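Student: Here's a structure for you.
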Amino acid sequence: MINKLFFELIIRKRSYFLVIFLLVTFSNVFSQKITVSGEILDNKDNLPLPGVSIIEKGTNNGAISDFDGIYKIDTEVGKTLIFSSAGMETIEKKVTKEKLNVKLLFDAIQLDDVVVIGYGKVKKKEVTGAVAQVKAEELDKIITSDIGNALQGQVAGLNVVASGEPGEGASIQIRGVSSIIGDNTPLFVVDGIPQEGDPRLSPNIIETVDVLKDAASASIYGARASAGVILITTKKGKAGKTIINLDATSGIQQITSGTPLLNARESIFFDFNEDDVFDTRILNISDQQLTNDSNIIDVIENDNAVQQRLNLNVRGGKKDLTFNLSGGIFNQEGAIINSQFTRVNSRLNLNYTKDKWKFFTGIGFTAENRKRPDENILTQGLRSSPTQNRLNPDLREIIANGNFNRSQIIQGLTSLNRITRGKRDRYNINFRASYDFNDYLTFRTITGYNTNYANSNRTSPQFTVIEINPFNDNIVIDTNMERSSIRETSDRETAFTTSQQLNYTRKIGKHSLNALAVFSYEKRTNAAFSASRAGLLSGLPVLNQGTINFTNGSGTGFNQNDEVVLIGNLGRLLYSYDERYIFNVSARRDGSSRFSPQNRWGVFPSASVAWNISNESFWKKGIVNDFKLRANLGTT
């Protein structure tokens with residue numbers, strides 16, 4: 001019996017060892033380390049492809065093919081390798097052996113992408129000017145209320161400088177400064193409608209942004225295009241099932257750097273002359289101030305400022321009727337006190353097709369609320385003495401020790417309490433209709449109407465300074481009413497724009513021709529009013545709380561009843577042979593009511609040529625897949 005049990009135990013142990021041996025053996029087989037190498041070729045011409053990225057899927061393990069298209073990578077049997085290169089289609093291959101050759105297909109879709117140019121669209125390969133495009137997926141990566149901030153770093157030659165203040169638009173310059181004393185803001189065109197300045201659109205309603213960077217591309221818009229042109233296309237609907245996208249994002253902001261300041265001990269040592277006898281009278285400070293160690297920057301900065309974004313997009317429709325509804329809420333607290341920006345926006349775009357007719361209607365609304373601090377608040381914070389009494393923006397009475405301390409306290413409290421509140425409502429409607437006479441000739445009309453209401457309220461509330469002389473304890477109460485003031489500004493801007501376009505497109509064999517003729521008319525009006533008062537009876541930001549120094553302004557000096565009319569006639573001819581040789585000429589004649597009748601009209605011509613060398617039969621793709629040479633000349 002004992003021998004039998006012992007025998008069974010030996011058999012079981014051998015079985016266990018056998019199972020373990022098999023598991024280790026198969027584990028070694030399936031996780032076998034190998035070096036995979038091979039050659040990567042172009043599927044069309046069998047030419048080697050250098051610079052192809054090879055990545056082991058799900059890891060950071062990777063390699064790059066050399067000048068002859070040869071690559072080598074350490075991996076395991078059963079793993080998947082991803083082969084990708086600019087201008088080529090990305091493919092995946094499973095590792096089964098050490099030799100793995102790959103052929104990549106040329107991705108022609110990228111060059112067939114359509115970019116927007118002035119009054120039309122062309123394929124990327126047929127562009128003769130300096131045009132760059134940024135799509136919605138790139139804009140959505142940055143949480144911002146301003147389109148300029150979203151474009152930062154996206155386009156070569158586009159310089160964007162952001163202030164960081166909530167609701168403040170970024171400064172945009174295309175290829176540097178174009179005017180010394182004039183405005184360097186580029187012309188914005190939204191769905192074919194030129195805008196007056198930055199349209200302040202929310203990035204969530206934008207489909208693409210096309211930037212016209214050179215004179216030949218921008219001259220189609222005349223004198224206003226001297227600083228370049230930014231063409232914005234809003235999101236459109238697509239036929240099919242209704243798609244709903246909801247995006248919610250939240251974050252915090254914090255200032256992580258700044259200017260190091262002296263504390264009270266260091267400040268006193270700096271002010272004290274070693275040749276003098278230490279005396280508070282010489283330093284103009286009291287004994288109490290010797291114990292102070294205040295820093296207004298701590299009061300000015302707002303740590304962990306919240307930033308929130310909520311976007312909703314609904315799109316869908318049938319073959320003949322599609323819609324896109326976009327809406328969003330954006331809220332940003334500033335990293336500086338008394339700064340905040342809130343915006344609510346919505347836009348509805350409808351597309352309808354009936355026989356030879358195509359209709360488009362876009363309706364948008366934006367409401368903004370903004371709070372801004374005094375423009376000198378940071379400067380006052382840096383200048384404030386650490387020996388002065390700590391400032392509290394919620395107090396309306398403050399004790400000052402000494403005349404020098406008093407002046408600093410007044411300046412500091414003024415900056416801490418001065419607030420500008422602004423509201424802005426925008427309404428716009430855009431209507432477009434086109435009719436195809438035949439396969440070659442199309443007529444299009446575009447009409448837009450924009451209204452902009454803005455109100456600004458700047459308030460400096462009243463406060464009392466109690467001055468105590470540190471040497472004789474005399475008390476002086478300063479209630480200067482002129483320190484408190486309020487200023488109210490309101491303005492209303494309207495813009496009516498219409499253009500009639502005739503477009504002829506014909507392709508015969510390898511020859512392509514596009515001719516365009518446009519007549520445009522724009523009328524803009526502006527009306528403004530301002531009033532101010534001093535000596536506020538309370539802290540309410542209401543104009544009738546002021547008791548002294550009443551002023552008001554209107555008339556032409558305040559842009560009251562300002563009206564501008566702009567008329568433009570333009571023509572363009574675009575010719576392409578086999579998508580290799582491309583010629584583009586255009587001319588625009590503008591007339592503006594801003595100028596005298598003798599100098600009211602100007603002509604803005606342009607000409608450009610391009611040669612797609614990579615489309616020639618002698619060009620061997622591999623090192624460079626797309627190579628174009630272009631030259632242009634234009635007047636803006």
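The way I read the labels, and the way they are meant: chains A, B, ... in the order of the structure tokens, residue 1 as the first residue of every chain, and ligand 1 as the first ligand shown, with later ones counted on from there.
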Quick one: residues within 6 Å of Asp68 of chain A, only C-alpha atoms, excluding same-chain residues fewer than 2 positions away - as an mmCIF file with N, CA, C and O atoms, in the first residue's frame?
Tutor:
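Saved as selection_1.cif:
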data_model
loop_
_atom_site.group_PDB
_atom_site.id
_atom_site.type_symbol
_atom_site.label_atom_id
_atom_site.label_comp_id
_atom_site.auth_asym_id
_atom_site.auth_seq_id
_atom_site.Cartn_x
_atom_site.Cartn_y
_atom_site.Cartn_z
ATOM 1 N N PRO A 48 12.671 52.789 -53.245
ATOM 2 C CA PRO A 48 12.847 52.731 -51.784
ATOM 3 C C PRO A 48 12.307 53.986 -51.109
ATOM 4 O O PRO A 48 12.414 55.090 -51.632
ATOM 5 N N ASP A 66 16.228 53.725 -43.569
ATOM 6 C CA ASP A 66 17.335 54.561 -44.006
ATOM 7 C C ASP A 66 17.124 55.049 -45.436
ATOM 8 O O ASP A 66 16.040 54.913 -46.012
ATOM 9 N N ILE A 70 15.772 50.605 -46.068
ATOM 10 C CA ILE A 70 16.046 49.442 -45.225
ATOM 11 C C ILE A 70 15.779 49.809 -43.763
ATOM 12 O O ILE A 70 16.144 50.889 -43.293
#
Student: Set the distance at 10 Å and use only C-alpha atoms: which residues neighbour Ala631 of chain A once local chain neighbours fewer than 6 positions away are removed? I'd like the list as a list in words.
Tutor: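 Listed by chain and then number, they are Thr128, Gly129, Ala130, Ala216, Ala607, Ser608, Val609, Ala610 and Trp611 of chain A.
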Student: Can you tell me, as a ChimeraX atom specification, what residues are no more than 12 Å from Ile297 of chain A when counting only C-alpha atoms, ignoring any on the same chain fewer than 3 positions away?
Tutor: /A:255,257-261,294,300-303,335-337,377-386,390-392,412,416
Student: Would you mind reading off the distance between atom CA of Leu262 of chain A and atom CA of Leu413 of chain A, one decimal, in Å?
Tutor: 20.5 Å
Student: When you look at Val476 of chain A with a cut-off of 8 Å (counting only C-alpha atoms), what residues show up, excluding the ones that are within fewer than 5 positions of it in the same chain? I need them as a count of residues only.
Tutor: 3
Student: Show which residues sit within 10 Å of Lys318 of chain A, as a ChimeraX atom specification. Count only C-alpha atoms, and ignore same-chain residues fewer than 2 positions away.
Tutor: /A:237-242,316,320-323,352
Student: Contacts of segment 227-233 of chain A at 9 Å or less, counting only C-alpha atoms, minus same-chain residues fewer than 6 places along, as a ChimeraX atom specification?
Tutor: /A:116-118,173-179,183-192,194,205-215,217-219,221,636
Student: With N, CA and C atoms kept, could you save the residues just selected as a short mmCIF file (atom, residue, chain, number, x, y, z; two decimals), in the first residue's frame?
Tutor:
data_model
loop_
_atom_site.label_atom_id
_atom_site.label_comp_id
_atom_site.auth_asym_id
_atom_site.auth_seq_id
_atom_site.Cartn_x
_atom_site.Cartn_y
_atom_site.Cartn_z
N VAL A 116 -9.87 76.57 -49.24
CA VAL A 116 -10.67 77.74 -49.58
C VAL A 116 -9.74 78.88 -49.95
N ILE A 117 -10.00 79.50 -51.09
CA ILE A 117 -9.31 80.72 -51.49
C ILE A 117 -10.37 81.81 -51.63
N GLY A 118 -9.98 83.00 -51.99
CA GLY A 118 -10.96 84.08 -52.13
C GLY A 118 -12.03 83.76 -53.15
N GLN A 173 -0.63 88.45 -36.59
CA GLN A 173 0.09 89.06 -37.69
C GLN A 173 0.51 87.97 -38.67
N ILE A 174 0.25 88.21 -39.95
CA ILE A 174 0.62 87.27 -41.00
C ILE A 174 1.88 87.79 -41.68
N ARG A 175 2.96 87.05 -41.52
CA ARG A 175 4.25 87.41 -42.11
C ARG A 175 4.71 88.81 -41.67
N GLY A 176 4.58 89.10 -40.39
CA GLY A 176 5.15 90.32 -39.84
C GLY A 176 4.25 91.54 -39.93
N VAL A 177 4.83 92.69 -39.61
CA VAL A 177 4.10 93.96 -39.57
C VAL A 177 3.95 94.49 -40.99
N SER A 178 2.72 94.84 -41.37
CA SER A 178 2.47 95.37 -42.72
C SER A 178 2.23 96.87 -42.71
N SER A 179 2.00 97.45 -41.51
CA SER A 179 1.75 98.89 -41.43
C SER A 179 2.36 99.42 -40.15
N ASP A 183 -3.57 99.51 -38.84
CA ASP A 183 -3.98 98.28 -38.18
C ASP A 183 -3.33 97.09 -38.88
N ASN A 184 -2.71 96.20 -38.10
CA ASN A 184 -2.08 95.01 -38.66
C ASN A 184 -2.95 93.77 -38.52
N THR A 185 -4.22 93.95 -38.17
CA THR A 185 -5.14 92.82 -38.05
C THR A 185 -5.54 92.33 -39.43
N PRO A 186 -5.45 91.02 -39.70
CA PRO A 186 -5.86 90.52 -41.02
C PRO A 186 -7.35 90.65 -41.23
N LEU A 187 -7.77 90.56 -42.49
CA LEU A 187 -9.19 90.59 -42.82
C LEU A 187 -9.79 89.21 -42.55
N PHE A 188 -10.88 89.17 -41.79
CA PHE A 188 -11.59 87.93 -41.52
C PHE A 188 -12.79 87.82 -42.46
N VAL A 189 -12.96 86.65 -43.06
CA VAL A 189 -14.10 86.38 -43.93
C VAL A 189 -14.78 85.11 -43.43
N VAL A 190 -16.05 85.21 -43.03
CA VAL A 190 -16.78 84.08 -42.48
C VAL A 190 -17.85 83.64 -43.46
N ASP A 191 -17.72 82.43 -43.98
CA ASP A 191 -18.68 81.88 -44.95
C ASP A 191 -18.92 82.85 -46.11
N GLY A 192 -17.85 83.48 -46.56
CA GLY A 192 -17.93 84.39 -47.70
C GLY A 192 -18.29 85.82 -47.37
N PRO A 194 -17.15 89.25 -45.56
CA PRO A 194 -16.06 89.97 -44.89
C PRO A 194 -16.55 90.59 -43.58
N ILE A 205 -17.64 76.19 -33.48
CA ILE A 205 -18.53 76.24 -34.64
C ILE A 205 -17.76 76.28 -35.95
N ILE A 206 -16.43 76.19 -35.88
CA ILE A 206 -15.58 76.33 -37.07
C ILE A 206 -15.19 74.97 -37.62
N GLU A 207 -15.33 74.82 -38.94
CA GLU A 207 -14.93 73.58 -39.63
C GLU A 207 -13.49 73.68 -40.12
N THR A 208 -13.15 74.76 -40.81
CA THR A 208 -11.79 74.96 -41.30
C THR A 208 -11.43 76.44 -41.23
N VAL A 209 -10.13 76.69 -41.13
CA VAL A 209 -9.58 78.04 -41.21
C VAL A 209 -8.50 78.03 -42.28
N ASP A 210 -8.67 78.84 -43.32
CA ASP A 210 -7.69 78.95 -44.39
C ASP A 210 -7.05 80.33 -44.33
N VAL A 211 -5.73 80.36 -44.35
CA VAL A 211 -4.97 81.60 -44.20
C VAL A 211 -4.31 81.93 -45.53
N LEU A 212 -4.66 83.12 -46.09
CA LEU A 212 -4.03 83.62 -47.31
C LEU A 212 -2.86 84.50 -46.88
N LYS A 213 -1.64 84.04 -47.14
CA LYS A 213 -0.47 84.69 -46.55
C LYS A 213 0.26 85.64 -47.48
N ASP A 214 0.12 85.47 -48.81
CA ASP A 214 0.88 86.31 -49.72
C ASP A 214 -0.04 87.27 -50.46
N ALA A 215 0.56 88.27 -51.10
CA ALA A 215 -0.21 89.31 -51.77
C ALA A 215 -1.02 88.76 -52.94
N SER A 217 -2.48 85.90 -53.23
CA SER A 217 -3.69 85.24 -52.74
C SER A 217 -4.67 86.23 -52.13
N ALA A 218 -4.13 87.24 -51.42
CA ALA A 218 -4.99 88.14 -50.66
C ALA A 218 -5.53 89.30 -51.49
N SER A 219 -4.89 89.64 -52.60
CA SER A 219 -5.28 90.84 -53.35
C SER A 219 -6.69 90.75 -53.91
N TYR A 221 -9.17 90.50 -52.28
CA TYR A 221 -10.00 91.27 -51.35
C TYR A 221 -9.58 92.74 -51.26
N THR A 636 -1.75 94.88 -52.65
CA THR A 636 -2.85 95.05 -51.73
C THR A 636 -2.94 96.48 -51.22
#
Student: Which residues in segment 232-472 of chain A does DSSP call strand (DSSP E or B)? List them as JSON, numbers by chain.
Tutor: {"A": [232, 233, 234, 240, 241, 242, 243, 244, 245, 246, 247, 248, 249, 250, 251, 252, 253, 301, 305, 306, 307, 308, 309, 310, 311, 312, 313, 314, 315, 316, 317, 321, 322, 323, 324, 325, 326, 327, 328, 329, 330, 331, 332, 333, 336, 340, 341, 342, 343, 344, 345, 346, 347, 348, 349, 350, 351, 352, 353, 354, 357, 358, 359, 360, 361, 362, 363, 364, 365, 366, 367, 368, 369, 370, 371, 372, 373, 397, 398, 399, 400, 401, 419, 420, 421, 422, 423, 424, 425, 426, 427, 428, 429, 430, 431, 432, 433, 434, 435, 436, 441, 442, 443, 444, 445, 446, 447, 448, 449, 450, 451, 452, 453, 454, 455, 456, 457, 458, 459, 460, 464, 465, 466, 467, 468]}
Student: When you look at Asn101 of chain A with a cut-off of 9 Å (counting only C-alpha atoms), what residues show up, excluding the ones that are within fewer than 5 positions of it in the same chain? I need them as a list in words.
Tutor: Ser37, Gly38, Glu39, Ile40 and Leu41 of chain A
Student: Out of A:Gln462, A:Gly197, A:Gln411, A:Arg347, which residue has the shortest atom-to-atom distance to Leu395 of chain A when counting only C-alpha atoms?
Tutor: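 Comparing A:Gln462, A:Gly197, A:Gln411, A:Arg347 against Leu395 of chain A, the winner is A:Gln462.
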Student: Find, counting only C-alpha atoms, the residue in A:Ile548, A:Lys354, A:Ile477, A:Arg370 that gets nearest to Asn455 of chain A.
Tutor: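 Under the stated criterion, the closest residue is A:Arg370.
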Student: Kindly give the distance, in Å, that separates atom CA of Glu126 of chain A and atom CA of Asn430 of chain A, rounded to a single decimal.
Tutor: 28.6 Å
Student: For Ala515 of chain A, which residue among A:Ala527, A:Ala225, A:Ala63, A:Leu573 is the nearest when counting only C-alpha atoms?
Tutor: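 Of A:Ala527, A:Ala225, A:Ala63, A:Leu573, the one nearest Ala515 of chain A, counting only C-alpha atoms, is A:Leu573.
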Student: Looking only at helix (DSSP H, G or I) from DSSP on the backbone, list the matching residues of segment 117-332 of chain A as a ChimeraX atom specification.
Tutor: /A:124-126,136-139,147-151,203-205,215-225,264-271,280-283,287-290,296-300
Student: Using atom CA of Gly553 of chain A and atom CA of Asn526 of chain A as the two end points, give the distance in Å to one decimal.
Tutor: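 Between atom CA of Gly553 of chain A and atom CA of Asn526 of chain A the gap works out to 14.6 Å.
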Student: Pick the closest to Pro541 of chain A from A:Asn389, A:Gln195, A:Thr498, A:Ser456: which is it, counting only C-alpha atoms?
Tutor: A:Ser456
Student: Rank A:Glu488, A:Glu333, A:Asp74, A:Glu579 by their smallest atom-to-atom distance to Thr459 of chain A, using only C-alpha atoms, and report the top residue only.
Tutor: A:Glu488
